[in-house]
$ cat entry.txt   # compact mmCIF, N, CA and C atoms
# COMPACT_ATOMS: atom_id res chain seq x y z
N MET L 687 -6.30 19.46 -6.93
CA MET L 687 -5.73 18.76 -5.79
C MET L 687 -5.81 19.67 -4.57
N GLU L 688 -6.23 19.11 -3.44
CA GLU L 688 -6.38 19.90 -2.23
C GLU L 688 -5.02 20.18 -1.60
N THR L 689 -4.96 21.26 -0.84
CA THR L 689 -3.75 21.55 -0.07
C THR L 689 -3.80 20.76 1.23
N ALA L 690 -2.69 20.72 1.94
CA ALA L 690 -2.64 20.00 3.21
C ALA L 690 -3.66 20.58 4.20
N THR L 691 -3.82 21.91 4.21
CA THR L 691 -4.78 22.55 5.11
C THR L 691 -6.22 22.15 4.77
N GLU L 692 -6.55 22.09 3.47
CA GLU L 692 -7.89 21.69 3.05
C GLU L 692 -8.17 20.25 3.45
N ILE L 693 -7.18 19.38 3.27
CA ILE L 693 -7.35 17.97 3.65
C ILE L 693 -7.55 17.86 5.16
N GLN L 694 -6.77 18.64 5.94
CA GLN L 694 -6.91 18.60 7.39
C GLN L 694 -8.32 19.02 7.80
N LYS L 695 -8.88 20.07 7.16
CA LYS L 695 -10.23 20.52 7.48
C LYS L 695 -11.26 19.44 7.16
N ILE L 696 -11.08 18.77 6.03
CA ILE L 696 -11.98 17.68 5.66
C ILE L 696 -11.91 16.57 6.69
N ASN L 697 -10.69 16.19 7.09
CA ASN L 697 -10.50 15.11 8.04
C ASN L 697 -11.04 15.46 9.42
N GLU L 698 -10.92 16.73 9.82
CA GLU L 698 -11.45 17.13 11.12
C GLU L 698 -12.97 16.98 11.16
N LYS L 699 -13.64 17.23 10.04
CA LYS L 699 -15.08 17.07 9.97
C LYS L 699 -15.48 15.60 10.05
N ASP L 700 -14.64 14.72 9.53
CA ASP L 700 -14.97 13.31 9.44
C ASP L 700 -14.75 12.55 10.75
N CYS L 701 -13.96 13.07 11.67
CA CYS L 701 -13.54 12.27 12.81
C CYS L 701 -13.61 13.08 14.10
N ASN L 702 -14.63 12.79 14.92
CA ASN L 702 -14.65 13.42 16.24
C ASN L 702 -13.70 12.64 17.15
N PRO L 703 -13.33 13.19 18.31
CA PRO L 703 -12.32 12.53 19.15
C PRO L 703 -12.66 11.08 19.50
N GLN L 704 -13.91 10.77 19.80
CA GLN L 704 -14.27 9.39 20.14
C GLN L 704 -14.10 8.47 18.94
N GLU L 705 -14.52 8.92 17.76
CA GLU L 705 -14.37 8.11 16.55
C GLU L 705 -12.90 7.89 16.22
N CYS L 706 -12.11 8.95 16.38
CA CYS L 706 -10.68 8.82 16.09
C CYS L 706 -10.02 7.82 17.04
N MET L 707 -10.36 7.89 18.30
CA MET L 707 -9.79 6.92 19.27
C MET L 707 -10.28 5.51 18.96
N GLY L 708 -11.51 5.39 18.50
CA GLY L 708 -12.04 4.09 18.12
C GLY L 708 -11.36 3.51 16.88
N ALA L 709 -10.69 4.36 16.14
CA ALA L 709 -9.99 3.91 14.93
C ALA L 709 -8.62 3.33 15.25
N LEU L 710 -8.14 3.50 16.45
CA LEU L 710 -6.78 3.05 16.77
C LEU L 710 -6.57 1.56 16.53
N LEU L 711 -7.44 0.71 17.04
CA LEU L 711 -7.26 -0.73 16.88
C LEU L 711 -7.33 -1.17 15.43
N PRO L 712 -8.36 -0.77 14.67
CA PRO L 712 -8.38 -1.17 13.26
C PRO L 712 -7.19 -0.63 12.46
N VAL L 713 -6.76 0.59 12.77
CA VAL L 713 -5.60 1.15 12.06
C VAL L 713 -4.34 0.36 12.42
N ARG L 714 -4.20 0.02 13.68
CA ARG L 714 -3.05 -0.79 14.11
C ARG L 714 -3.06 -2.14 13.40
N ASP L 715 -4.23 -2.77 13.31
CA ASP L 715 -4.35 -4.05 12.60
C ASP L 715 -3.93 -3.91 11.14
N ALA L 716 -4.43 -2.86 10.49
CA ALA L 716 -4.10 -2.64 9.08
C ALA L 716 -2.61 -2.42 8.89
N LEU L 717 -2.01 -1.61 9.75
CA LEU L 717 -0.58 -1.34 9.64
C LEU L 717 0.25 -2.60 9.88
N GLU L 718 -0.21 -3.45 10.77
CA GLU L 718 0.51 -4.71 11.03
C GLU L 718 0.48 -5.60 9.79
N VAL L 719 -0.66 -5.70 9.13
CA VAL L 719 -0.78 -6.55 7.94
C VAL L 719 0.02 -5.97 6.77
N LEU L 720 0.04 -4.66 6.64
CA LEU L 720 0.69 -4.01 5.50
C LEU L 720 2.06 -3.43 5.84
N SER L 721 2.59 -3.80 7.01
CA SER L 721 3.84 -3.21 7.47
C SER L 721 5.02 -3.54 6.55
N GLY L 722 6.01 -2.72 6.65
CA GLY L 722 7.22 -2.93 5.86
C GLY L 722 7.18 -2.16 4.56
N ARG L 723 8.26 -2.25 3.87
CA ARG L 723 8.42 -1.43 2.68
C ARG L 723 7.98 -2.14 1.41
N TRP L 724 7.71 -3.46 1.49
CA TRP L 724 7.52 -4.24 0.27
C TRP L 724 6.10 -4.73 0.00
N LYS L 725 5.25 -4.84 1.00
CA LYS L 725 3.94 -5.47 0.80
C LYS L 725 3.07 -4.71 -0.21
N LEU L 726 2.95 -3.42 -0.06
CA LEU L 726 2.14 -2.66 -1.01
C LEU L 726 2.74 -2.68 -2.42
N PRO L 727 4.06 -2.52 -2.58
CA PRO L 727 4.61 -2.66 -3.93
C PRO L 727 4.35 -4.04 -4.56
N ILE L 728 4.36 -5.09 -3.75
CA ILE L 728 4.05 -6.43 -4.27
C ILE L 728 2.60 -6.48 -4.76
N LEU L 729 1.69 -5.96 -3.95
CA LEU L 729 0.28 -5.95 -4.35
C LEU L 729 0.07 -5.11 -5.61
N ILE L 730 0.77 -4.00 -5.70
CA ILE L 730 0.67 -3.17 -6.90
C ILE L 730 1.21 -3.92 -8.11
N ALA L 731 2.34 -4.63 -7.93
CA ALA L 731 2.92 -5.41 -9.04
C ALA L 731 1.96 -6.49 -9.53
N LEU L 732 1.13 -7.00 -8.63
CA LEU L 732 0.17 -8.06 -8.99
C LEU L 732 -1.18 -7.51 -9.41
N SER L 733 -1.30 -6.20 -9.51
CA SER L 733 -2.63 -5.61 -9.75
C SER L 733 -3.18 -5.90 -11.14
N ASP L 734 -2.33 -6.08 -12.14
CA ASP L 734 -2.86 -6.28 -13.49
C ASP L 734 -3.09 -7.74 -13.85
N ARG L 735 -2.32 -8.67 -13.25
CA ARG L 735 -2.48 -10.08 -13.59
C ARG L 735 -1.65 -10.94 -12.64
N PRO L 736 -1.93 -12.24 -12.57
CA PRO L 736 -1.08 -13.14 -11.79
C PRO L 736 0.33 -13.17 -12.39
N LYS L 737 1.32 -13.37 -11.52
CA LYS L 737 2.70 -13.39 -11.98
C LYS L 737 3.49 -14.47 -11.26
N ARG L 738 4.55 -14.90 -11.93
CA ARG L 738 5.49 -15.83 -11.33
C ARG L 738 6.47 -15.03 -10.46
N PHE L 739 7.17 -15.78 -9.60
CA PHE L 739 8.07 -15.18 -8.62
C PHE L 739 9.07 -14.22 -9.28
N LYS L 740 9.74 -14.68 -10.32
CA LYS L 740 10.78 -13.87 -10.97
C LYS L 740 10.20 -12.63 -11.65
N GLU L 741 8.97 -12.73 -12.13
CA GLU L 741 8.32 -11.55 -12.72
C GLU L 741 8.10 -10.47 -11.67
N ILE L 742 7.64 -10.90 -10.49
CA ILE L 742 7.43 -9.96 -9.39
C ILE L 742 8.76 -9.34 -8.98
N SER L 743 9.77 -10.19 -8.87
CA SER L 743 11.11 -9.74 -8.49
C SER L 743 11.64 -8.68 -9.45
N LYS L 744 11.42 -8.87 -10.73
CA LYS L 744 11.89 -7.90 -11.74
C LYS L 744 11.10 -6.60 -11.66
N ASP L 745 9.81 -6.69 -11.30
CA ASP L 745 8.97 -5.49 -11.23
C ASP L 745 9.33 -4.58 -10.05
N ILE L 746 9.89 -5.17 -8.99
CA ILE L 746 10.14 -4.42 -7.76
C ILE L 746 11.65 -4.26 -7.57
N ASN L 747 12.14 -3.10 -7.92
CA ASN L 747 13.56 -2.81 -7.84
C ASN L 747 14.05 -2.81 -6.39
N GLY L 748 15.10 -3.57 -6.12
CA GLY L 748 15.74 -3.54 -4.80
C GLY L 748 15.33 -4.64 -3.85
N ILE L 749 14.30 -5.42 -4.15
CA ILE L 749 13.88 -6.48 -3.24
C ILE L 749 14.71 -7.73 -3.50
N THR L 750 15.13 -8.39 -2.41
CA THR L 750 15.87 -9.64 -2.55
C THR L 750 14.89 -10.80 -2.68
N ASP L 751 15.36 -11.91 -3.23
CA ASP L 751 14.50 -13.09 -3.36
C ASP L 751 14.04 -13.58 -1.99
N LYS L 752 14.93 -13.53 -1.01
CA LYS L 752 14.58 -13.98 0.35
C LYS L 752 13.46 -13.11 0.93
N MET L 753 13.57 -11.80 0.75
CA MET L 753 12.54 -10.89 1.28
C MET L 753 11.23 -11.05 0.52
N LEU L 754 11.31 -11.20 -0.81
CA LEU L 754 10.10 -11.40 -1.60
C LEU L 754 9.38 -12.66 -1.16
N SER L 755 10.12 -13.73 -0.94
CA SER L 755 9.53 -14.98 -0.48
C SER L 755 8.82 -14.80 0.86
N LYS L 756 9.48 -14.13 1.80
CA LYS L 756 8.91 -13.89 3.13
C LYS L 756 7.63 -13.05 3.03
N GLU L 757 7.69 -11.98 2.24
CA GLU L 757 6.54 -11.09 2.13
C GLU L 757 5.36 -11.77 1.42
N LEU L 758 5.64 -12.57 0.41
CA LEU L 758 4.56 -13.32 -0.26
C LEU L 758 3.89 -14.29 0.71
N LYS L 759 4.68 -14.95 1.57
CA LYS L 759 4.10 -15.85 2.58
C LYS L 759 3.21 -15.07 3.54
N ASP L 760 3.69 -13.90 4.00
CA ASP L 760 2.87 -13.06 4.89
C ASP L 760 1.58 -12.62 4.23
N LEU L 761 1.66 -12.21 2.97
CA LEU L 761 0.47 -11.78 2.24
C LEU L 761 -0.50 -12.95 2.03
N GLU L 762 0.05 -14.15 1.83
CA GLU L 762 -0.80 -15.33 1.67
C GLU L 762 -1.50 -15.67 2.99
N ILE L 763 -0.78 -15.60 4.10
CA ILE L 763 -1.36 -15.86 5.42
C ILE L 763 -2.51 -14.90 5.70
N ASN L 764 -2.36 -13.64 5.27
CA ASN L 764 -3.38 -12.62 5.51
C ASN L 764 -4.42 -12.55 4.40
N LYS L 765 -4.45 -13.56 3.54
CA LYS L 765 -5.46 -13.72 2.49
C LYS L 765 -5.51 -12.55 1.50
N LEU L 766 -4.32 -11.99 1.23
CA LEU L 766 -4.24 -10.93 0.25
C LEU L 766 -3.67 -11.43 -1.07
N VAL L 767 -3.01 -12.58 -1.04
CA VAL L 767 -2.39 -13.19 -2.22
C VAL L 767 -2.66 -14.69 -2.19
N THR L 768 -2.89 -15.25 -3.38
CA THR L 768 -2.99 -16.71 -3.49
C THR L 768 -1.76 -17.23 -4.23
N ARG L 769 -1.38 -18.43 -3.89
CA ARG L 769 -0.25 -19.11 -4.52
C ARG L 769 -0.80 -20.36 -5.19
N THR L 770 -0.62 -20.44 -6.51
CA THR L 770 -1.13 -21.58 -7.27
C THR L 770 0.05 -22.32 -7.89
N VAL L 771 0.11 -23.62 -7.60
CA VAL L 771 1.17 -24.47 -8.15
C VAL L 771 0.55 -25.30 -9.26
N TYR L 772 1.14 -25.20 -10.47
CA TYR L 772 0.65 -25.96 -11.62
C TYR L 772 1.49 -27.22 -11.80
N ASP L 773 0.82 -28.29 -12.23
CA ASP L 773 1.46 -29.59 -12.40
C ASP L 773 2.21 -29.63 -13.73
N THR L 774 3.35 -28.97 -13.75
CA THR L 774 4.21 -28.96 -14.94
C THR L 774 5.61 -29.39 -14.51
N PHE L 775 6.47 -29.57 -15.47
CA PHE L 775 7.85 -29.88 -15.13
C PHE L 775 8.76 -28.85 -15.77
N PRO L 776 9.50 -28.07 -15.01
CA PRO L 776 9.42 -27.97 -13.55
C PRO L 776 8.11 -27.31 -13.12
N PRO L 777 7.75 -27.44 -11.84
CA PRO L 777 6.49 -26.87 -11.38
C PRO L 777 6.42 -25.36 -11.62
N THR L 778 5.28 -24.90 -12.06
CA THR L 778 5.05 -23.46 -12.27
C THR L 778 4.24 -22.96 -11.07
N VAL L 779 4.69 -21.85 -10.49
CA VAL L 779 3.99 -21.24 -9.36
C VAL L 779 3.62 -19.82 -9.74
N GLU L 780 2.34 -19.48 -9.55
CA GLU L 780 1.86 -18.13 -9.82
C GLU L 780 1.25 -17.53 -8.56
N TYR L 781 1.44 -16.24 -8.44
CA TYR L 781 0.86 -15.49 -7.34
C TYR L 781 -0.16 -14.51 -7.91
N ALA L 782 -1.27 -14.36 -7.20
CA ALA L 782 -2.33 -13.45 -7.66
C ALA L 782 -2.96 -12.77 -6.44
N ARG L 783 -3.48 -11.58 -6.68
CA ARG L 783 -4.22 -10.89 -5.63
C ARG L 783 -5.57 -11.56 -5.41
N THR L 784 -6.01 -11.57 -4.17
CA THR L 784 -7.32 -12.12 -3.85
C THR L 784 -8.38 -11.02 -4.01
N GLU L 785 -9.62 -11.44 -3.98
CA GLU L 785 -10.72 -10.48 -4.02
C GLU L 785 -10.64 -9.55 -2.80
N HIS L 786 -10.25 -10.14 -1.66
CA HIS L 786 -10.11 -9.35 -0.43
C HIS L 786 -9.07 -8.24 -0.60
N SER L 787 -7.98 -8.52 -1.31
CA SER L 787 -6.94 -7.50 -1.49
C SER L 787 -7.41 -6.36 -2.38
N GLN L 788 -8.43 -6.61 -3.21
CA GLN L 788 -8.95 -5.55 -4.06
C GLN L 788 -9.58 -4.42 -3.24
N THR L 789 -9.98 -4.74 -1.99
CA THR L 789 -10.55 -3.71 -1.12
C THR L 789 -9.52 -2.67 -0.70
N LEU L 790 -8.24 -2.93 -0.97
CA LEU L 790 -7.18 -1.99 -0.66
C LEU L 790 -6.98 -0.93 -1.75
N SER L 791 -7.68 -1.03 -2.84
CA SER L 791 -7.48 -0.10 -3.96
C SER L 791 -7.63 1.36 -3.54
N ASN L 792 -8.66 1.66 -2.76
CA ASN L 792 -8.86 3.05 -2.31
C ASN L 792 -7.74 3.49 -1.37
N VAL L 793 -7.26 2.57 -0.54
CA VAL L 793 -6.15 2.88 0.38
C VAL L 793 -4.89 3.18 -0.43
N ILE L 794 -4.61 2.36 -1.44
CA ILE L 794 -3.42 2.57 -2.27
C ILE L 794 -3.51 3.90 -3.00
N MET L 795 -4.69 4.21 -3.54
CA MET L 795 -4.85 5.49 -4.25
C MET L 795 -4.74 6.68 -3.28
N ALA L 796 -5.28 6.53 -2.08
CA ALA L 796 -5.17 7.61 -1.08
C ALA L 796 -3.70 7.81 -0.69
N LEU L 797 -2.95 6.73 -0.54
CA LEU L 797 -1.52 6.85 -0.23
C LEU L 797 -0.76 7.49 -1.38
N LYS L 798 -1.13 7.15 -2.61
CA LYS L 798 -0.50 7.77 -3.79
C LYS L 798 -0.76 9.27 -3.79
N ASP L 799 -2.02 9.66 -3.54
CA ASP L 799 -2.37 11.08 -3.52
C ASP L 799 -1.63 11.81 -2.40
N TRP L 800 -1.59 11.20 -1.22
CA TRP L 800 -0.89 11.83 -0.10
C TRP L 800 0.61 11.90 -0.37
N GLY L 801 1.18 10.85 -0.95
CA GLY L 801 2.60 10.84 -1.28
C GLY L 801 2.95 11.94 -2.27
N THR L 802 2.08 12.16 -3.26
CA THR L 802 2.29 13.24 -4.23
C THR L 802 2.24 14.59 -3.52
N LEU L 803 1.24 14.77 -2.65
CA LEU L 803 1.11 16.02 -1.88
C LEU L 803 2.34 16.22 -0.99
N HIS L 804 2.79 15.17 -0.35
CA HIS L 804 3.94 15.25 0.55
C HIS L 804 5.22 15.61 -0.22
N ARG L 805 5.39 15.00 -1.38
CA ARG L 805 6.57 15.34 -2.22
C ARG L 805 6.57 16.82 -2.56
N LYS L 806 5.39 17.34 -2.91
CA LYS L 806 5.29 18.78 -3.23
C LYS L 806 5.64 19.64 -2.02
N GLU L 807 5.18 19.20 -0.86
CA GLU L 807 5.43 19.95 0.38
C GLU L 807 6.92 19.93 0.74
N ILE L 808 7.55 18.79 0.62
CA ILE L 808 8.93 18.62 1.05
C ILE L 808 9.93 19.05 -0.03
N ILE L 809 9.71 18.58 -1.25
CA ILE L 809 10.66 18.82 -2.33
C ILE L 809 10.29 20.04 -3.15
N GLY L 810 9.02 20.34 -3.19
CA GLY L 810 8.55 21.46 -3.99
C GLY L 810 8.30 21.08 -5.43
N LYS L 811 8.15 19.78 -5.69
CA LYS L 811 7.90 19.31 -7.06
C LYS L 811 6.59 18.57 -7.13
$ encode --input "entry.txt" --output "structure tokens"
Amino acid sequence: METATEIQKINEKDCNPQECMGALLPVRDALEVLSGRWKLPILIALSDRPKRFKEISKDINGITDKMLSKELKDLEINKLVTRTVYDTFPPTVEYARTEHSQTLSNVIMALKDWGTLHRKEIIGK
């Protein structure tokens, strides 16, 4: 695992000032779509298979049903999650990640790696 200094050196090579400034709009767009504390955990909870609302709720400690509902709607609007209603009684609703959301896998792994590095830096563990 690289140290923070090694990562900074790698990143400096990858981004000249013009390229970095050109990244502002796409980064802002990405942060707007993925903003908040719950969207990435929801996508991670859906990474292995489609799930019903209560299954997602149980997987994500601390999220309220109201917040989960709002975040799922936002993810659906941004084409990261699909909502499928089955003709059963009572109706069964499943949520699944879209193919488009699979493009976030590298971002999620990079955030995991950085979070691990940051924990070591701050906590020493």
$ closest_residue --input "entry.txt" --among "L:Ala709, L:Met753, L:Leu726, L:Ala782" --to "Ile794 (chain L)" --atoms "only N, CA and C atoms"
L:Leu726
$ closest_atom_pairs --input "entry.txt" --of "region 694-766 of chain L" --to "region 785-788 of chain L" --cutoff "8 Å" --atoms "all atoms listed in the file" --output "JSON lines"
{"residue": "L:Leu729", "atom": "CA", "partner": "L:Ser787", "partner_atom": "CA", "distance": 7.9}
{"residue": "L:Asn764", "atom": "C", "partner": "L:Ser787", "partner_atom": "N", "distance": 7.8}
{"residue": "L:Lys765", "atom": "C", "partner": "L:Ser787", "partner_atom": "N", "distance": 5.5}
{"residue": "L:Leu766", "atom": "CA", "partner": "L:Ser787", "partner_atom": "CA", "distance": 4.7}
$ write_last_selection --input "entry.txt" --atoms "N, CA and C atoms" --output "compact mmCIF listing (two decimals), in the coordinates of the input"
# COMPACT_ATOMS: atom_id res chain seq x y z
N LEU L 729 1.69 -5.96 -3.95
CA LEU L 729 0.28 -5.95 -4.35
C LEU L 729 0.07 -5.11 -5.61
N ASN L 764 -2.36 -13.64 5.27
CA ASN L 764 -3.38 -12.62 5.51
C ASN L 764 -4.42 -12.55 4.40
N LYS L 765 -4.45 -13.56 3.54
CA LYS L 765 -5.46 -13.72 2.49
C LYS L 765 -5.51 -12.55 1.50
N LEU L 766 -4.32 -11.99 1.23
CA LEU L 766 -4.24 -10.93 0.25
C LEU L 766 -3.67 -11.43 -1.07
$ select_by_dssp --input "entry.txt" --residues "region 706-786 of chain L" --states "alpha helix (DSSP H)" --output "MDAnalysis selection string"
chainID L and resid 706:708 710:719 725:731 739:745 751:763
$ atom_distance --input "entry.txt" --atom1 "atom N of Val779 (chain L)" --atom2 "atom C of Asp734 (chain L)"
16.5 Å
$ closest_residue --input "entry.txt" --among "L:Arg738, L:Lys752, L:His804, L:Lys744" --to "Tyr781 (chain L)" --atoms "only N, CA and C atoms"
L:Arg738
$ select_by_dssp --input "entry.txt" --residues "region 725-806 of chain L" --states "strand (DSSP E)" --output "list in words"
Lys737, Arg738, Val767, Thr768, Arg769, Thr770, Val771, Tyr772, Thr778, Val779, Glu780, Tyr781, Ala782 and Arg783 of chain L
$ atom_distance --input "entry.txt" --atom1 "atom C of Thr784 (chain L)" --atom2 "CA of Thr768 (chain L)"
7.9 Å
$ atom_distance --input "entry.txt" --atom1 "CA of Ala796 (chain L)" --atom2 "CA of Pro703 (chain L)"
22.0 Å
$ residues_around --input "entry.txt" --residues "Ile728 (chain L)" --least-positions-apart "3" --cutoff "10 Å" --atoms "only C-alpha atoms" --output "JSON, numbers by chain"
{"L": [723, 724, 725, 731, 732, 733, 742, 743, 745, 746, 749, 754, 757, 758, 761, 767, 783]}
$ axis_aligned_box --input "entry.txt" --around "region 798-804 of chain L" --padding-each-side "8 Å" --output "AutoDock Vina command-line options"
--center_x 1.4 --center_y 11.7 --center_z -1.8 --size_x 23.6 --size_y 25.1 --size_z 20.8
